[in-house]
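Novice: Provided herewith is a single structure, encoded as structure tokens, for subsequent inquiry.
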Amino acid sequence: MISSKIKAKLAGGSAIRKMFEEGNRLKAIYGADNVFDFSIGNPDLEPPHEVSDALKDLADNPTPGMHGYMSNSGYESTRKIVADKRSAESSLQIGPDAVCMTVGAACAMNDVLHSLLDDGEEVIVLAPYFMEYNGYIENHNGVPVIVPTDENFMPVISRIKDAITPKTKAIIINSPNNPSGVVYPASLLTELNDMLKACDHTIHVISDEPYIDLAYDGMTVPCALSYIDNLIVCFSWSKSLSLPGERIGYTLVSPKNEDYEDLTNAIVLSHRTLGSVNAPAIWQKVIERSIDAKVDVANYEHRRNLLYSNIIDAGFDSVKPNGALYIFMNTPEGLTDAEFAEICAKQNILVVPGAAFSCPGYCRLAFCVSETSIRNSRKAFFAVAEELGIEHKAEL
């Protein structure tokens, strides 16, 4: 018999993965161009040339021991390059010891939570949020505490303050946000830091940052390291370099964190004992050579604009995202998000209900799909609006 805890999780499943599998089923029936699968944030752009160039060169010119063990925290050369980049962005003096190379951001988050949490301690999450946070927290016997954001998906500091208890150990922030695409301004980060510093015990801020290089309309994402003292960064190159299948990322403890020495040591220990041992050797070396590269952000911005226009022109409502890879659209009045997703599915539009992100009344759509699919979906969105009696705001 498997554990009762895992059995319950299996029964619940993942809404995103279920929609992803449904998309594959429908594509096999109707063809990929006739199924509009906005369910999963799987970047479809190829990695930038710096990545492929580095891979080729490493394969053609291997060095002795290139595929062997290194320190559990990763190659010092890689960690130094990461630390130097984040130092320049934050105006802090960050050394390589602050960094632990990880098997993506999910591994990074688990390393951090394993290092922080005793049984029953609480982690505040800001709805809407990436639903896997719940599993990561519960992996280490922590308790997620959900705090809703405002109508524009911005955190409300007073609500966070009211949710803090003696058991609160950390808060997870995610900017640009999955699923809303909202970017947190520097003023909000400063306000959050001031509030936490006034608390009677240390509360760490875990900044989940896989989307920090994906911002639109000329916006720059404020560097959380510059504004929050007790910060721990979890980062992945899955989105910025289109490497979701390669699993490479890092943790970084702010030099201003009052538990800096204990945390940096604990994260490396957790990384080893949770089974990762070390991040993939070759991908660390690739990152060294492509640290400043990123995917074609203008391409994503263009596709965001196309999908947003489809949604708005058909007569629906949504906040326009400033970053990440998603639009979090309002569901029409009188429908649950699950009901609306079912109606969309009849037109082969696949979306993820907002309840999966602890925010019912919305649906998430990923725009990291082909431009052809986005353009072809316009007629389907108009058909959904017509079925629901919603007046179009523009011509088809």
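We label chains A, B, ... in the order they appear in the structure tokens, count residues from 1 in each chain, and number ligands from 1 in the order shown.
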Counting only C-alpha atoms, what is within 12 Å of Asn174 (chain A), bar same-chain residues fewer than 2 positions away, as a ChimeraX atom specification?
Specialist: /A:105,109,125-130,133,153-155,171-172,176-185,189,205-212,221-224,232-235,323-324
Novice: Which neighbours of region 369-379 of chain A fall inside 9 Å, counting only C-alpha atoms, when residues of the same chain fewer than 6 positions from it are skipped, and could you give them as a PyMOL selection string?
Specialist: chain A and resi 32-38+41-45+302-303+306-307+309-311+313-314+347-349+396
Novice: What would the file look like if the residues just selected were written as a compact mmCIF listing (two decimals), in the first residue's frame with N, CA and C atoms?
Specialist:
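Output file result07.txt follows:
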# COMPACT_ATOMS: atom_id res chain seq x y z
N ALA A 32 -3.31 19.65 -34.37
CA ALA A 32 -2.75 20.66 -33.46
C ALA A 32 -3.25 22.06 -33.78
N ASP A 33 -3.45 22.38 -35.09
CA ASP A 33 -3.86 23.74 -35.46
C ASP A 33 -5.30 24.04 -35.08
N ASN A 34 -6.06 23.02 -34.73
CA ASN A 34 -7.47 23.21 -34.41
C ASN A 34 -7.77 23.04 -32.93
N VAL A 35 -6.74 22.91 -32.12
CA VAL A 35 -6.88 22.83 -30.67
C VAL A 35 -6.06 23.97 -30.07
N PHE A 36 -6.70 24.76 -29.23
CA PHE A 36 -6.08 25.98 -28.70
C PHE A 36 -5.74 25.73 -27.24
N ASP A 37 -4.57 25.14 -27.04
CA ASP A 37 -4.18 24.64 -25.72
C ASP A 37 -3.37 25.70 -24.99
N PHE A 38 -4.05 26.43 -24.11
CA PHE A 38 -3.40 27.48 -23.32
C PHE A 38 -3.19 27.01 -21.87
N GLY A 41 2.43 26.31 -19.08
CA GLY A 41 3.48 27.27 -19.39
C GLY A 41 4.75 26.58 -19.85
N ASN A 42 4.66 25.93 -21.00
CA ASN A 42 5.80 25.20 -21.56
C ASN A 42 6.40 26.04 -22.69
N PRO A 43 7.48 26.76 -22.46
CA PRO A 43 8.00 27.69 -23.47
C PRO A 43 8.25 27.00 -24.80
N ASP A 44 7.72 27.59 -25.88
CA ASP A 44 7.88 26.96 -27.19
C ASP A 44 9.01 27.59 -28.00
N LEU A 45 9.57 28.69 -27.53
CA LEU A 45 10.73 29.27 -28.21
C LEU A 45 11.96 28.40 -27.96
N HIS A 302 4.49 40.18 -28.12
CA HIS A 302 3.61 40.22 -29.28
C HIS A 302 2.47 39.21 -29.13
N ARG A 303 2.81 38.01 -28.68
CA ARG A 303 1.78 36.98 -28.53
C ARG A 303 0.83 37.30 -27.36
N LEU A 306 -1.68 39.65 -28.84
CA LEU A 306 -2.65 38.98 -29.70
C LEU A 306 -3.71 38.25 -28.88
N LEU A 307 -3.27 37.47 -27.88
CA LEU A 307 -4.22 36.71 -27.08
C LEU A 307 -5.10 37.64 -26.25
N SER A 309 -5.99 40.64 -27.00
CA SER A 309 -6.97 41.26 -27.91
C SER A 309 -8.11 40.29 -28.21
N ASN A 310 -7.78 39.02 -28.43
CA ASN A 310 -8.83 38.02 -28.67
C ASN A 310 -9.84 38.00 -27.53
N ILE A 311 -9.31 37.99 -26.31
CA ILE A 311 -10.15 37.89 -25.12
C ILE A 311 -11.02 39.14 -24.95
N ASP A 313 -11.64 41.64 -27.19
CA ASP A 313 -12.50 41.92 -28.34
C ASP A 313 -13.74 41.03 -28.36
N ALA A 314 -13.60 39.80 -27.87
CA ALA A 314 -14.75 38.89 -27.83
C ALA A 314 -15.76 39.31 -26.78
N GLN A 347 -15.19 24.48 -27.63
CA GLN A 347 -14.62 25.15 -28.80
C GLN A 347 -13.12 24.84 -28.93
N ASN A 348 -12.69 23.80 -28.22
CA ASN A 348 -11.28 23.36 -28.23
C ASN A 348 -10.33 24.41 -27.66
N ILE A 349 -10.84 25.28 -26.78
CA ILE A 349 -9.99 26.20 -26.02
C ILE A 349 -9.76 25.58 -24.65
N LEU A 396 -14.97 40.42 -35.51
CA LEU A 396 -14.21 39.19 -35.62
C LEU A 396 -13.09 39.35 -36.65
Novice: I need the residue nearest Ala380 (chain A) from this list: A:Leu252, A:Leu58, A:Val352, A:Ala345. Use only C-alpha atoms for the distance.
Specialist: A:Ala345
Novice: Considering only C-alpha atoms, can you say which of A:Thr78, A:Asn330, A:Ser270, A:Ser358 comes closest to Ile248 (chain A)?
Specialist: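 Checking each of A:Thr78, A:Asn330, A:Ser270, A:Ser358 against Ile248 (chain A), counting only C-alpha atoms, the winner is A:Thr78.
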Novice: I'd like to know which of A:Met70, A:Ile124, A:Ile164, A:Ile267 is closest to Pro148 (chain A), using only C-alpha atoms.
Specialist: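 When distances to Pro148 (chain A) are compared using only C-alpha atoms, the smallest one comes from A:Ile124.
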Novice: If you run DSSP over the backbone, which residues in region 249-368 of chain A end up strand (DSSP E)? Put them as a PyMOL selection string.
Specialist: chain A and resi 249-253+326-330+349-350+352-353+362-366
Novice: Work out how far apart CA of Leu388 (chain A) and CA of Thr336 (chain A) are and give it in Å to one decimal.
Specialist: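 The value is 13.1 Å.
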Novice: So that I can check the surroundings of Cys199 (chain A), please list as a short mmCIF file (atom, residue, chain, number, x, y, z; two decimals) with N, CA and C atoms, in the first residue's frame every protein, DNA and RNA residue that reaches within 12 Å of it, counting only C-alpha atoms and ignoring chain neighbours fewer than 6 positions away.
Specialist:
data_model
loop_
_atom_site.label_atom_id
_atom_site.label_comp_id
_atom_site.auth_asym_id
_atom_site.auth_seq_id
_atom_site.Cartn_x
_atom_site.Cartn_y
_atom_site.Cartn_z
N ILE A 160 -1.48 40.60 4.95
CA ILE A 160 -0.34 39.73 5.30
C ILE A 160 -0.03 39.85 6.79
N LYS A 161 -0.04 41.08 7.28
CA LYS A 161 0.25 41.31 8.71
C LYS A 161 -0.75 40.59 9.59
N ASP A 162 -2.02 40.65 9.21
CA ASP A 162 -3.07 40.01 9.99
C ASP A 162 -2.94 38.48 9.99
N ILE A 164 -0.09 36.81 10.08
CA ILE A 164 1.13 36.38 10.78
C ILE A 164 0.80 35.89 12.19
N THR A 165 1.36 34.75 12.55
CA THR A 165 1.22 34.17 13.89
C THR A 165 2.61 33.83 14.42
N PRO A 166 2.71 33.40 15.67
CA PRO A 166 4.02 32.98 16.17
C PRO A 166 4.63 31.82 15.37
N THR A 168 4.52 31.63 12.03
CA THR A 168 4.86 32.04 10.67
C THR A 168 6.38 32.05 10.50
N LYS A 169 6.86 31.27 9.54
CA LYS A 169 8.30 31.17 9.31
C LYS A 169 8.73 31.87 8.03
N LEU A 192 6.59 45.83 2.45
CA LEU A 192 6.60 44.47 3.00
C LEU A 192 7.79 44.29 3.93
N ASN A 193 8.96 44.75 3.51
CA ASN A 193 10.15 44.61 4.34
C ASN A 193 10.01 45.36 5.66
#
Novice: Name the residues of region 49-122 of chain A that come out as helix (DSSP H, G or I) in a backbone DSSP run; write them as a PyMOL selection string.
Specialist: chain A and resi 49-60+76-90+96-98+104-116
